[in-house]
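Pasted below: my_file_9.txt, compact mmCIF, C-alpha atoms.
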```txt
# COMPACT_ATOMS: atom_id res chain seq x y z
CA MET A 1 -7.45 -111.93 61.65
CA PRO A 2 -8.05 -108.17 61.17
CA ALA A 3 -8.78 -106.85 57.69
CA THR A 4 -6.78 -104.55 55.39
CA VAL A 5 -8.24 -101.60 53.48
CA VAL A 6 -6.83 -100.22 50.22
CA VAL A 7 -7.94 -96.65 49.56
CA GLY A 8 -7.11 -94.03 46.95
CA THR A 9 -5.69 -90.81 48.40
CA GLN A 10 -6.11 -88.44 45.45
CA TRP A 11 -8.91 -88.11 42.84
CA GLY A 12 -8.87 -91.73 41.76
CA ASP A 13 -6.97 -93.68 39.10
CA GLU A 14 -4.00 -94.11 41.46
CA GLY A 15 -3.50 -97.79 40.61
CA LYS A 16 -5.61 -99.40 43.33
CA GLY A 17 -6.22 -102.44 41.15
CA LYS A 18 -2.54 -103.26 40.85
CA LEU A 19 -1.88 -102.87 44.58
CA THR A 20 -5.00 -104.85 45.47
CA ASP A 21 -3.80 -107.57 43.13
CA LEU A 22 -0.40 -107.50 44.84
CA LEU A 23 -1.81 -107.70 48.38
CA ALA A 24 -4.45 -110.24 47.38
CA ALA A 25 -1.81 -112.93 47.04
CA GLU A 26 -1.75 -113.06 50.87
CA MET A 27 -5.54 -112.93 51.38
CA GLU A 28 -8.48 -115.32 51.38
CA TYR A 29 -11.19 -112.74 50.57
CA VAL A 30 -11.18 -109.51 48.54
CA VAL A 31 -14.21 -107.24 48.99
CA ARG A 32 -15.37 -104.33 46.87
CA TYR A 33 -17.18 -102.06 49.34
CA GLN A 34 -18.63 -99.08 47.40
CA GLY A 35 -19.10 -97.47 44.00
CA GLY A 36 -20.32 -99.01 40.80
CA HIS A 37 -19.04 -99.56 37.27
CA ASN A 38 -18.08 -95.89 36.96
CA ALA A 39 -14.51 -96.74 37.98
CA GLY A 40 -12.16 -99.26 36.44
CA HIS A 41 -9.08 -101.13 37.61
CA ARG A 42 -6.44 -102.15 35.09
CA ILE A 43 -4.13 -105.03 35.97
CA VAL A 44 -1.37 -106.44 33.77
CA VAL A 45 -0.46 -110.10 34.37
CA ASP A 46 2.20 -111.75 32.19
CA GLY A 47 1.71 -109.04 29.59
CA GLU A 48 -2.09 -109.49 29.44
CA ALA A 49 -4.27 -106.58 30.56
CA PHE A 50 -7.45 -107.11 32.59
CA ALA A 51 -9.89 -104.19 32.89
CA LEU A 52 -12.17 -104.69 35.91
CA GLN A 53 -15.15 -102.54 36.80
CA LEU A 54 -17.29 -104.34 39.37
CA VAL A 55 -15.49 -107.62 40.03
CA PRO A 56 -12.90 -107.33 42.83
CA SER A 57 -9.28 -107.45 41.64
CA GLY A 58 -8.62 -110.63 43.61
CA VAL A 59 -10.63 -112.67 41.10
CA LEU A 60 -7.38 -113.32 39.24
CA TYR A 61 -6.12 -115.51 42.11
CA PRO A 62 -7.64 -119.02 42.15
CA HIS A 63 -7.47 -119.31 45.96
CA LEU A 64 -9.48 -116.16 46.66
CA THR A 65 -13.18 -115.53 47.20
CA PRO A 66 -14.12 -112.21 45.56
CA VAL A 67 -17.05 -110.39 47.19
CA ILE A 68 -19.21 -107.50 46.02
CA GLY A 69 -20.37 -105.87 49.25
CA ASN A 70 -23.64 -104.25 50.25
CA GLY A 71 -22.27 -100.75 49.66
CA VAL A 72 -21.90 -101.27 45.90
CA VAL A 73 -24.51 -100.36 43.28
CA VAL A 74 -24.71 -103.11 40.67
CA ASP A 75 -25.76 -103.04 37.05
CA PRO A 76 -26.37 -106.77 36.56
CA ALA A 77 -25.96 -106.62 32.78
CA VAL A 78 -22.56 -104.96 33.14
CA LEU A 79 -21.54 -107.47 35.80
CA LEU A 80 -22.41 -110.42 33.58
CA ARG A 81 -20.58 -108.93 30.59
CA GLU A 82 -17.51 -108.46 32.76
CA LEU A 83 -17.72 -112.03 34.02
CA ASP A 84 -18.10 -113.33 30.45
CA THR A 85 -14.99 -111.41 29.42
CA LEU A 86 -13.02 -112.95 32.29
CA ILE A 87 -14.33 -116.43 31.49
CA ALA A 88 -13.17 -115.96 27.89
CA LYS A 89 -9.69 -115.34 29.30
CA ASP A 90 -9.87 -118.58 31.33
CA VAL A 91 -10.42 -116.82 34.67
CA ASP A 92 -12.50 -118.82 37.18
CA VAL A 93 -15.32 -116.56 38.38
CA SER A 94 -17.39 -119.25 40.11
CA ARG A 95 -16.31 -118.11 43.59
CA LEU A 96 -17.82 -114.62 43.29
CA VAL A 97 -20.39 -113.71 45.96
CA VAL A 98 -22.68 -110.68 45.54
CA SER A 99 -24.40 -109.15 48.57
CA GLY A 100 -28.16 -109.43 48.47
CA ASN A 101 -28.26 -105.99 50.10
CA ALA A 102 -26.36 -104.25 47.30
CA HIS A 103 -28.59 -101.94 45.26
CA LEU A 104 -29.44 -102.37 41.60
CA ILE A 105 -28.78 -99.80 38.90
CA MET A 106 -31.93 -99.64 36.79
CA PRO A 107 -32.41 -98.33 33.23
CA TYR A 108 -34.17 -95.21 34.51
CA HIS A 109 -31.14 -94.39 36.67
CA GLN A 110 -28.96 -94.30 33.58
CA GLU A 111 -31.44 -92.20 31.63
CA LEU A 112 -31.82 -89.73 34.50
CA ASP A 113 -28.06 -89.49 34.82
CA ARG A 114 -27.76 -88.57 31.14
CA VAL A 115 -30.55 -86.00 30.99
CA THR A 116 -29.78 -84.27 34.28
CA GLU A 117 -26.09 -83.91 33.42
CA ARG A 118 -27.03 -82.43 30.05
CA HIS A 119 -29.57 -80.15 31.75
CA LEU A 120 -26.84 -78.72 34.01
CA GLY A 121 -24.95 -77.39 30.98
CA LYS A 122 -21.80 -75.50 31.96
CA ASN A 123 -22.39 -76.53 35.59
CA ALA A 124 -22.21 -80.23 34.74
CA LEU A 125 -20.38 -82.38 37.28
CA GLY A 126 -18.64 -84.62 34.77
CA THR A 127 -20.36 -87.85 35.80
CA THR A 128 -19.84 -91.04 33.81
CA LYS A 129 -23.60 -91.19 33.09
CA ARG A 130 -23.72 -94.81 34.27
CA GLY A 131 -26.62 -94.27 36.69
CA ILE A 132 -24.49 -94.40 39.82
CA GLY A 133 -25.69 -91.17 41.43
CA PRO A 134 -29.41 -91.75 40.81
CA ALA A 135 -29.12 -95.30 42.17
CA TYR A 136 -27.53 -94.04 45.39
CA ALA A 137 -30.17 -91.28 45.58
CA ASP A 138 -32.93 -93.90 45.45
CA LYS A 139 -31.11 -95.88 48.13
CA ALA A 140 -31.08 -92.81 50.38
CA THR A 141 -34.76 -92.07 49.78
CA ARG A 142 -35.62 -95.74 50.38
CA VAL A 143 -37.17 -96.47 46.99
CA GLY A 144 -34.31 -98.51 45.54
CA LEU A 145 -34.38 -102.09 44.33
CA ARG A 146 -31.79 -104.45 45.77
CA VAL A 147 -29.98 -107.45 44.35
CA GLN A 148 -32.06 -109.76 46.56
CA ASP A 149 -35.21 -108.51 44.80
CA LEU A 150 -34.08 -110.45 41.72
CA LEU A 151 -34.93 -113.60 43.70
CA ASP A 152 -38.57 -112.60 44.19
CA PRO A 153 -40.36 -111.61 40.95
CA LYS A 154 -43.47 -110.41 42.78
CA ILE A 155 -41.56 -108.05 45.08
CA PHE A 156 -39.42 -106.89 42.16
CA GLN A 157 -42.50 -106.02 40.11
CA GLU A 158 -44.18 -104.16 42.97
CA LYS A 159 -41.08 -102.07 43.69
CA LEU A 160 -40.45 -101.41 40.00
CA ASP A 161 -44.02 -100.24 39.33
CA MET A 162 -43.87 -97.89 42.31
CA ALA A 163 -40.54 -96.45 41.18
CA LEU A 164 -41.66 -95.99 37.57
CA ARG A 165 -44.68 -93.89 38.58
CA GLU A 166 -42.29 -91.23 39.82
CA LYS A 167 -39.46 -91.74 37.32
CA ASN A 168 -41.68 -91.69 34.23
CA ALA A 169 -43.44 -88.54 35.39
CA LEU A 170 -40.05 -86.89 35.84
CA LEU A 171 -38.67 -88.11 32.52
CA SER A 172 -41.72 -87.13 30.48
CA LYS A 173 -42.88 -83.90 32.14
CA VAL A 174 -39.54 -82.35 33.05
CA TYR A 175 -37.11 -83.76 30.49
CA ASN A 176 -39.51 -84.51 27.61
CA ARG A 177 -38.37 -88.13 27.38
CA LEU A 178 -40.45 -91.18 26.59
CA PRO A 179 -41.69 -93.12 29.64
CA MET A 180 -40.05 -96.47 30.35
CA LYS A 181 -42.07 -99.67 30.16
CA SER A 182 -42.31 -101.88 33.21
CA LYS A 183 -42.79 -105.05 31.14
CA GLU A 184 -39.56 -104.55 29.17
CA ILE A 185 -37.50 -103.93 32.31
CA THR A 186 -39.00 -106.95 34.08
CA GLU A 187 -38.34 -109.21 31.10
CA LEU A 188 -34.69 -108.11 31.09
CA TYR A 189 -33.98 -108.20 34.83
CA ILE A 190 -36.13 -111.15 35.89
CA GLY A 191 -36.29 -113.10 32.66
CA GLU A 192 -32.71 -112.78 31.40
CA LEU A 193 -30.40 -111.49 34.14
CA ALA A 194 -31.79 -112.98 37.37
CA PRO A 195 -31.25 -116.66 36.45
CA ARG A 196 -27.52 -116.04 35.96
CA ILE A 197 -27.09 -113.71 38.93
CA ALA A 198 -29.08 -115.82 41.43
CA PRO A 199 -26.36 -118.41 42.22
CA MET A 200 -23.96 -115.61 43.17
CA ILE A 201 -26.24 -113.83 45.66
CA GLY A 202 -25.50 -114.35 49.33
CA ASP A 203 -25.28 -113.05 52.89
CA THR A 204 -21.87 -111.43 52.63
CA VAL A 205 -21.89 -110.00 56.16
CA THR A 206 -22.11 -113.48 57.69
CA LEU A 207 -19.63 -114.79 55.11
CA LEU A 208 -16.99 -112.23 56.11
CA HIS A 209 -17.49 -112.48 59.86
CA ASP A 210 -17.27 -116.26 59.66
CA ALA A 211 -14.02 -115.83 57.74
CA LEU A 212 -12.61 -113.59 60.48
CA ALA A 213 -13.64 -116.16 63.09
CA ARG A 214 -11.57 -118.70 61.17
CA ASP A 215 -8.61 -116.28 61.28
CA GLU A 216 -8.75 -115.78 57.51
CA ARG A 217 -7.50 -112.60 55.87
CA ILE A 218 -9.76 -110.04 54.18
CA LEU A 219 -8.78 -107.22 51.83
CA LEU A 220 -11.25 -104.38 51.28
CA GLU A 221 -11.00 -102.28 48.11
CA GLY A 222 -12.97 -99.21 47.16
CA ALA A 223 -13.55 -97.38 43.92
CA GLN A 224 -12.66 -93.72 43.28
CA ALA A 225 -10.69 -92.04 46.09
CA THR A 226 -10.59 -89.80 49.15
CA PHE A 227 -11.16 -86.48 47.39
CA LEU A 228 -14.12 -87.87 45.47
CA ASP A 229 -15.76 -88.87 48.76
CA LEU A 230 -19.32 -87.54 49.13
CA ASP A 231 -18.56 -86.01 52.54
CA HIS A 232 -14.85 -85.24 52.44
CA GLY A 233 -14.13 -84.63 48.75
CA THR A 234 -14.19 -81.46 46.64
CA TYR A 235 -17.99 -81.27 46.71
CA PRO A 236 -20.01 -81.16 44.48
CA PHE A 237 -17.40 -82.61 42.11
CA VAL A 238 -17.45 -85.94 43.91
CA THR A 239 -18.92 -89.41 43.65
CA SER A 240 -22.14 -90.52 45.35
CA SER A 241 -20.66 -92.76 48.06
CA ASN A 242 -17.84 -92.90 50.62
CA PRO A 243 -14.54 -94.28 49.26
CA VAL A 244 -12.69 -93.36 52.48
CA ALA A 245 -11.64 -96.16 54.81
CA GLY A 246 -14.69 -95.59 57.03
CA GLY A 247 -16.85 -96.52 54.05
CA ALA A 248 -15.25 -99.95 54.09
CA CYS A 249 -17.12 -100.70 57.31
CA THR A 250 -20.57 -99.58 56.15
CA GLY A 251 -20.05 -101.05 52.68
CA SER A 252 -19.00 -104.50 53.89
CA GLY A 253 -20.61 -105.00 57.29
CA LEU A 254 -17.30 -105.24 59.13
CA GLY A 255 -16.71 -103.15 62.24
CA PRO A 256 -13.90 -100.64 62.88
CA ARG A 257 -12.07 -103.04 65.20
CA ASP A 258 -11.99 -105.61 62.39
CA ILE A 259 -9.57 -103.37 60.44
CA SER A 260 -5.91 -103.06 61.45
CA ARG A 261 -4.17 -101.86 58.27
CA VAL A 262 -5.09 -99.03 55.89
CA VAL A 263 -2.90 -98.71 52.80
CA GLY A 264 -3.22 -95.47 50.86
CA ILE A 265 -2.44 -95.36 47.14
CA ALA A 266 -0.99 -92.28 45.45
CA LYS A 267 0.52 -91.63 42.06
CA ALA A 268 3.95 -90.03 41.91
CA TYR A 269 2.00 -87.14 40.37
CA VAL A 270 -1.74 -86.34 40.47
CA THR A 271 -4.58 -86.85 37.99
CA ARG A 272 -8.24 -85.96 37.94
CA VAL A 273 -11.18 -86.70 35.62
CA GLY A 274 -13.99 -84.23 35.13
CA ALA A 275 -14.61 -80.83 36.67
CA GLY A 276 -13.49 -79.47 40.04
CA PRO A 277 -10.53 -77.68 41.65
CA PHE A 278 -7.00 -78.93 40.91
CA PRO A 279 -4.34 -76.68 42.50
CA THR A 280 -1.28 -78.34 40.90
CA GLU A 281 -2.77 -78.86 37.43
CA LEU A 282 -0.41 -78.63 34.46
CA ASP A 283 -1.05 -77.76 30.84
CA GLY A 284 0.92 -77.53 27.62
CA GLU A 285 3.71 -79.85 26.55
CA LEU A 286 4.52 -81.13 30.04
CA ALA A 287 0.91 -82.13 30.64
CA GLU A 288 0.76 -83.92 27.30
CA LEU A 289 3.99 -85.75 28.13
CA LEU A 290 2.58 -87.09 31.41
CA VAL A 291 -0.72 -88.03 29.78
CA ASP A 292 1.13 -89.89 27.03
CA ARG A 293 3.68 -91.64 29.25
CA GLY A 294 1.14 -92.47 31.94
CA HIS A 295 -1.59 -93.53 29.49
CA GLU A 296 -3.90 -91.19 31.37
CA TYR A 297 -7.23 -92.16 29.91
CA GLY A 298 -10.09 -93.76 31.85
CA THR A 299 -10.03 -97.57 31.98
CA ASN A 300 -13.67 -97.94 30.99
CA THR A 301 -14.69 -94.40 29.92
CA GLY A 302 -11.69 -93.47 27.77
CA ARG A 303 -11.83 -89.91 29.10
CA ARG A 304 -8.57 -87.96 29.17
CA ARG A 305 -7.35 -87.24 32.69
CA ARG A 306 -6.11 -83.88 33.87
CA VAL A 307 -2.57 -84.07 35.27
CA GLY A 308 -0.52 -82.16 37.84
CA TRP A 309 2.40 -82.27 40.24
CA PHE A 310 2.30 -84.36 43.43
CA ASP A 311 0.25 -82.62 46.13
CA ALA A 312 1.45 -83.29 49.69
CA VAL A 313 -1.33 -81.08 51.11
CA MET A 314 -3.93 -83.51 49.81
CA LEU A 315 -2.04 -86.52 51.05
CA ARG A 316 -1.70 -85.16 54.58
CA GLN A 317 -5.47 -84.72 54.67
CA ALA A 318 -6.01 -88.19 53.22
CA ALA A 319 -3.81 -89.62 55.97
CA ARG A 320 -6.03 -88.02 58.60
CA LEU A 321 -9.33 -89.00 57.01
CA ASN A 322 -8.33 -92.64 56.46
CA SER A 323 -5.99 -93.32 59.41
CA LEU A 324 -3.38 -94.46 56.90
CA THR A 325 -0.78 -96.88 58.18
CA GLU A 326 1.32 -96.59 55.00
CA ILE A 327 1.36 -95.43 51.39
CA ALA A 328 2.07 -97.12 48.08
CA ILE A 329 3.39 -94.81 45.35
CA THR A 330 2.55 -95.80 41.78
CA LYS A 331 3.81 -94.76 38.35
CA LEU A 332 7.17 -93.40 39.47
CA ASP A 333 8.49 -94.48 36.07
CA VAL A 334 6.24 -91.95 34.29
CA LEU A 335 8.58 -89.21 35.59
CA ASP A 336 11.70 -90.90 34.17
CA THR A 337 12.44 -88.32 31.47
CA LEU A 338 12.05 -85.12 33.51
CA GLU A 339 15.02 -82.94 34.41
CA THR A 340 13.26 -81.44 37.42
CA ILE A 341 10.17 -82.45 39.38
CA LYS A 342 7.99 -80.24 41.56
CA VAL A 343 6.15 -81.22 44.73
CA CYS A 344 3.42 -79.04 46.26
CA VAL A 345 4.19 -78.72 49.98
CA GLY A 346 1.57 -76.10 50.88
CA TYR A 347 -1.10 -73.72 49.56
CA GLU A 348 -1.25 -69.94 49.76
CA SER A 349 -4.34 -67.77 49.61
CA GLY A 350 -4.90 -64.22 50.84
CA GLY A 351 -1.48 -64.13 52.47
CA LYS A 352 -2.21 -67.24 54.51
CA ARG A 353 -0.46 -70.60 54.20
CA PHE A 354 -2.39 -73.86 54.31
CA ASP A 355 -0.73 -77.18 55.14
CA TYR A 356 -4.10 -78.93 54.81
CA PRO A 357 -6.86 -78.18 52.28
CA PRO A 358 -9.00 -75.18 53.30
CA TYR A 359 -12.53 -76.19 54.24
CA HIS A 360 -14.25 -73.43 52.22
CA GLN A 361 -14.77 -74.14 48.54
CA SER A 362 -14.10 -70.55 47.44
CA THR A 363 -10.69 -70.62 49.09
CA MET A 364 -9.92 -74.05 47.64
CA HIS A 365 -10.62 -72.78 44.13
CA ASP A 366 -8.35 -69.78 44.73
CA VAL A 367 -5.21 -71.31 46.29
CA THR A 368 -1.75 -71.04 44.78
CA PRO A 369 0.52 -74.08 45.28
CA ILE A 370 3.83 -73.67 47.12
CA TYR A 371 6.42 -75.87 45.41
CA GLU A 372 9.73 -77.44 46.22
CA GLU A 373 11.78 -78.56 43.24
CA LEU A 374 13.82 -81.76 43.07
CA PRO A 375 16.21 -83.06 40.40
CA GLY A 376 14.98 -85.83 38.13
CA TRP A 377 16.84 -89.09 37.45
CA GLN A 378 16.42 -89.25 33.65
CA SER A 379 16.80 -93.00 33.40
CA ASP A 380 14.47 -95.96 32.86
CA LEU A 381 13.18 -97.44 36.14
CA SER A 382 11.06 -100.21 34.65
CA GLY A 383 13.65 -102.97 35.09
CA PHE A 384 14.56 -102.34 38.72
CA THR A 385 13.59 -104.89 41.37
CA SER A 386 15.29 -103.35 44.42
CA PHE A 387 14.67 -99.92 45.91
CA ASP A 388 18.32 -99.60 46.94
CA ASP A 389 19.38 -100.04 43.31
CA LEU A 390 17.24 -97.14 42.03
CA PRO A 391 19.06 -93.99 40.88
CA THR A 392 19.90 -91.71 43.80
CA ASN A 393 17.53 -88.96 42.67
CA ALA A 394 14.64 -91.45 42.38
CA ARG A 395 15.27 -92.71 45.92
CA ASP A 396 15.58 -89.13 47.16
CA TYR A 397 12.23 -88.24 45.57
CA ILE A 398 10.47 -91.08 47.39
CA THR A 399 12.23 -90.22 50.65
CA PHE A 400 11.13 -86.60 50.27
CA LEU A 401 7.49 -87.59 49.68
CA SER A 402 7.55 -89.67 52.85
CA LYS A 403 9.11 -86.82 54.84
CA VAL A 404 6.78 -84.08 53.58
CA THR A 405 3.64 -86.16 54.18
CA GLY A 406 4.81 -87.82 57.40
CA ILE A 407 3.78 -91.29 56.22
CA LYS A 408 5.81 -94.43 55.58
CA ILE A 409 6.04 -95.51 51.93
CA SER A 410 5.96 -99.30 51.67
CA VAL A 411 5.65 -99.97 47.92
CA VAL A 412 6.80 -98.07 44.83
CA GLY A 413 5.54 -98.94 41.35
CA VAL A 414 8.07 -98.74 38.52
CA GLY A 415 5.92 -100.11 35.69
CA PRO A 416 2.42 -101.42 34.86
CA GLY A 417 3.14 -105.13 35.34
CA ARG A 418 2.13 -107.15 38.38
CA ASP A 419 5.79 -107.61 39.40
CA GLN A 420 7.06 -104.12 38.54
CA PHE A 421 7.46 -102.69 42.02
CA VAL A 422 10.14 -102.14 44.65
CA GLN A 423 9.88 -101.90 48.43
CA PRO A 424 11.85 -99.36 50.48
CA SER A 425 13.56 -100.95 53.47
```

For the file at hand, write its structure as structure tokens.
Amino acid sequence: MPATVVVGTQWGDEGKGKLTDLLAAEMEYVVRYQGGHNAGHRIVVDGEAFALQLVPSGVLYPHLTPVIGNGVVVDPAVLLRELDTLIAKDVDVSRLVVSGNAHLIMPYHQELDRVTERHLGKNALGTTKRGIGPAYADKATRVGLRVQDLLDPKIFQEKLDMALREKNALLSKVYNRLPMKSKEITELYIGELAPRIAPMIGDTVTLLHDALARDERILLEGAQATFLDLDHGTYPFVTSSNPVAGGACTGSGLGPRDISRVVGIAKAYVTRVGAGPFPTELDGELAELLVDRGHEYGTNTGRRRRVGWFDAVMLRQAARLNSLTEIAITKLDVLDTLETIKVCVGYESGGKRFDYPPYHQSTMHDVTPIYEELPGWQSDLSGFTSFDDLPTNARDYITFLSKVTGIKISVVGVGPGRDQFVQPS
């Protein structure tokens, strides 16, 4: 049975975890296909919040097999801490499978992330300093260590010693930092972490293709979102991998014909963390209201998110880049108190209108949003279970978003809980 991809269509934090959790009820496998622990998913089940970083959202369903694919970069210490937290909440994590081809985040990746970001000063990219970018850089230059290396201490040591020759020279001579000791890293990774990680390591490509052969259903979830994509995002203020739907193939080992459904996730407004262009960004009291009502702080970083009006220009581009079959809108309830709501339907720069984001970064930083204004509904949506029962203005807002983006909206979130959503007919 063909697979389904869930992909963020903005700058991340759209609520992918909740939608993945919703769709996972119908799946047999849920696969994380890229990113690392620099992005978090927050899911609320029966009033209890679960903050997930590396473990796929489907772990909360006892019938599912959660998979960490080859496209992910894994900090094994973080993974084990996350698993221990879930175990403490009586979640069964024994079914988790981690690709042997996924790359490891090493201590020197984290240190390099910190010092290089600090070195950039006012030009800093706003990374989470978790070592994600340096780990992907080593993967690209073919000097990375992989999860499977934890199973072979000799190979691990050889690769580590080779990597440290370069990393320590860089840390000490360029950044004036103390060199890292091979023995200490080996004792941690091989002595402490490997014995616990080893039973989870597997051939996830064969696992998933065998599942498809049995007509079982697979859900693929990414971290971050379309406009943080390394190739298609607002470069250089992007992540180090490909969150777009195409990345689901390379990050899992499935082929394009194995995917039949691509569900885009978008907030009813837009948020962004860190630096980079943001045409519809708000400030002042209205921004603070949305931050407060939407709890717009990073799930695992705690960083305050920038907020702005819904941007249909971005979503049209996301639909093209991901071949979206539908959209899920989250956090509609955050707008409950507003008298009027704006939607960006186009950009203007130099007397020219743009219905899709301009390719040149200078133009993108200079655009002025073109807005259409809609009336708010000024009532609490959190208790609604039927789209048809929503206030007229709330239904009209969703209908307008579908019309202005040209994409069907299949799910609308009206609260943080697992069951707080409605489905337009």

**Atom pair CA of Ile370 (chain A) / CA of His295 (chain A): separation (Å)** =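 Spanning CA of Ile370 (chain A) to CA of His295 (chain A) is a straight-line distance of 27.1 Å.
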
**Asked** Can you tell me, as a PyMOL selection string, which residues sit within 10 Å of (-37.2, -109.1, 41.2) in the file's frame, using all atoms listed in the file?
**Response** chain A and resi 145-160+186+189-191+194

Selected residues written out, C-alpha atoms, as a JSON list (two decimals), keeping the file's coordinate frame:
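Once everything was written out, this is again.json:
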```
[["chain", "number", "residue", "atom", "x", "y", "z"],
["A", 145, "LEU", "CA", -34.38, -102.09, 44.33],
["A", 146, "ARG", "CA", -31.79, -104.45, 45.77],
["A", 147, "VAL", "CA", -29.98, -107.45, 44.35],
["A", 148, "GLN", "CA", -32.06, -109.76, 46.56],
["A", 149, "ASP", "CA", -35.21, -108.51, 44.80],
["A", 150, "LEU", "CA", -34.08, -110.45, 41.72],
["A", 151, "LEU", "CA", -34.93, -113.60, 43.70],
["A", 152, "ASP", "CA", -38.57, -112.60, 44.19],
["A", 153, "PRO", "CA", -40.36, -111.61, 40.95],
["A", 154, "LYS", "CA", -43.47, -110.41, 42.78],
["A", 155, "ILE", "CA", -41.56, -108.05, 45.08],
["A", 156, "PHE", "CA", -39.42, -106.89, 42.16],
["A", 157, "GLN", "CA", -42.50, -106.02, 40.11],
["A", 158, "GLU", "CA", -44.18, -104.16, 42.97],
["A", 159, "LYS", "CA", -41.08, -102.07, 43.69],
["A", 160, "LEU", "CA", -40.45, -101.41, 40.00],
["A", 186, "THR", "CA", -39.00, -106.95, 34.08],
["A", 189, "TYR", "CA", -33.98, -108.20, 34.83],
["A", 190, "ILE", "CA", -36.13, -111.15, 35.89],
["A", 191, "GLY", "CA", -36.29, -113.10, 32.66],
["A", 194, "ALA", "CA", -31.79, -112.98, 37.37]]
```

note - CA of Ile409 (chain A) and CA of Arg320 (chain A) are separated by 15.7 Å

Using all atoms listed in the file, which protein or nucleic acid residues come within 7 Å of Lys267 (chain A)? Drop anything in the same chain fewer than 5 positions from it, and give the result as a list in words.
Glu14, Ile329, Thr330 and Lys331 of chain A

- Item | Who sits within 6 Å of His109 (chain A), only C-alpha atoms, same chain under 6 positions skipped, as JSON, numbers by chain | {"A": [131, 134, 135]}

With distances taken over only C-alpha atoms, the candidate from A:Gly406, A:Gly284, A:Pro279, A:Pro369 nearest Arg316 (chain A) is A:Gly406

Any idea what's packed within 9 Å of region 238-242 of chain A, counting only C-alpha atoms, ignoring anything in its chain fewer than 4 positions away? Could you give it as an mmCIF file with C-alpha atoms, in the frame of the given file?
```cif
data_model
loop_
_atom_site.group_PDB
_atom_site.id
_atom_site.type_symbol
_atom_site.label_atom_id
_atom_site.label_comp_id
_atom_site.auth_asym_id
_atom_site.auth_seq_id
_atom_site.Cartn_x
_atom_site.Cartn_y
_atom_site.Cartn_z
ATOM 1 C CA TRP A 11 -8.910 -88.110 42.840
ATOM 2 C CA GLN A 34 -18.630 -99.080 47.400
ATOM 3 C CA GLY A 35 -19.100 -97.470 44.000
ATOM 4 C CA GLY A 71 -22.270 -100.750 49.660
ATOM 5 C CA VAL A 72 -21.900 -101.270 45.900
ATOM 6 C CA LEU A 125 -20.380 -82.380 37.280
ATOM 7 C CA THR A 127 -20.360 -87.850 35.800
ATOM 8 C CA ILE A 132 -24.490 -94.400 39.820
ATOM 9 C CA GLY A 133 -25.690 -91.170 41.430
ATOM 10 C CA PRO A 134 -29.410 -91.750 40.810
ATOM 11 C CA TYR A 136 -27.530 -94.040 45.390
ATOM 12 C CA ALA A 137 -30.170 -91.280 45.580
ATOM 13 C CA GLY A 222 -12.970 -99.210 47.160
ATOM 14 C CA GLN A 224 -12.660 -93.720 43.280
ATOM 15 C CA ALA A 225 -10.690 -92.040 46.090
ATOM 16 C CA THR A 226 -10.590 -89.800 49.150
ATOM 17 C CA PHE A 227 -11.160 -86.480 47.390
ATOM 18 C CA LEU A 228 -14.120 -87.870 45.470
ATOM 19 C CA ASP A 229 -15.760 -88.870 48.760
ATOM 20 C CA LEU A 230 -19.320 -87.540 49.130
ATOM 21 C CA ASP A 231 -18.560 -86.010 52.540
ATOM 22 C CA HIS A 232 -14.850 -85.240 52.440
ATOM 23 C CA GLY A 233 -14.130 -84.630 48.750
ATOM 24 C CA THR A 234 -14.190 -81.460 46.640
ATOM 25 C CA GLY A 246 -14.690 -95.590 57.030
ATOM 26 C CA GLY A 247 -16.850 -96.520 54.050
ATOM 27 C CA ALA A 248 -15.250 -99.950 54.090
ATOM 28 C CA GLY A 251 -20.050 -101.050 52.680
ATOM 29 C CA GLY A 276 -13.490 -79.470 40.040
#
```

Shortest contact to Gly58 (chain A), candidates A:Ala163, A:Leu220, A:Leu207, A:Val7, atoms counted only C-alpha atoms, goes to A:Leu220

So the first atom is CA of Asp419 (chain A) and the second is CA of Leu22 (chain A); what is the distance between them in Å, to one decimal place?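 Pair CA of Asp419 (chain A) / CA of Leu22 (chain A) returns 8.2 Å.
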
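Residue nearest Ala25 (chain A) within the list A:Asn38, A:Thr65, A:Gln423, A:Ser386: A:Thr65 [criterion: smallest interatomic distance, only C-alpha atoms].
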
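Distance annotation: of A:Glu187, A:Gly351, A:Pro416, A:Trp309, the residue with the minimal separation from Tyr371 (chain A) is A:Trp309; atom set is all atoms listed in the file.
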
Applying 9 Å and all atoms listed in the file, which residues near Met314 (chain A) remain after dropping the ones on its own chain fewer than 5 positions away? List them as a PyMOL selection string. chain A and resi 9-10+227+319+355-357

_I need the residue nearest Ala213 (chain A) from this list: A:Asp21, A:Glu281, A:Asp258, A:Glu192. Use only C-alpha atoms for the distance._
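Smallest separation from Ala213 (chain A) among the options: A:Asp258.
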
* Asked: Skipping near chain neighbours, those fewer than 2 positions away, what residues fall within 8 Å of Asp92 (chain A) using only C-alpha atoms, listed as a list in words?
  ->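 Returned residues: Val59, Leu60, Pro62, Leu86, Ile87, Asp90, Ser94 and Arg95 of chain A.
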
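Minimum atom-to-atom distance to Gly255 (chain A), evaluated using all atoms listed in the file, belongs to A:Leu208 out of A:Val334, A:Leu104, A:Leu208, A:Leu96.
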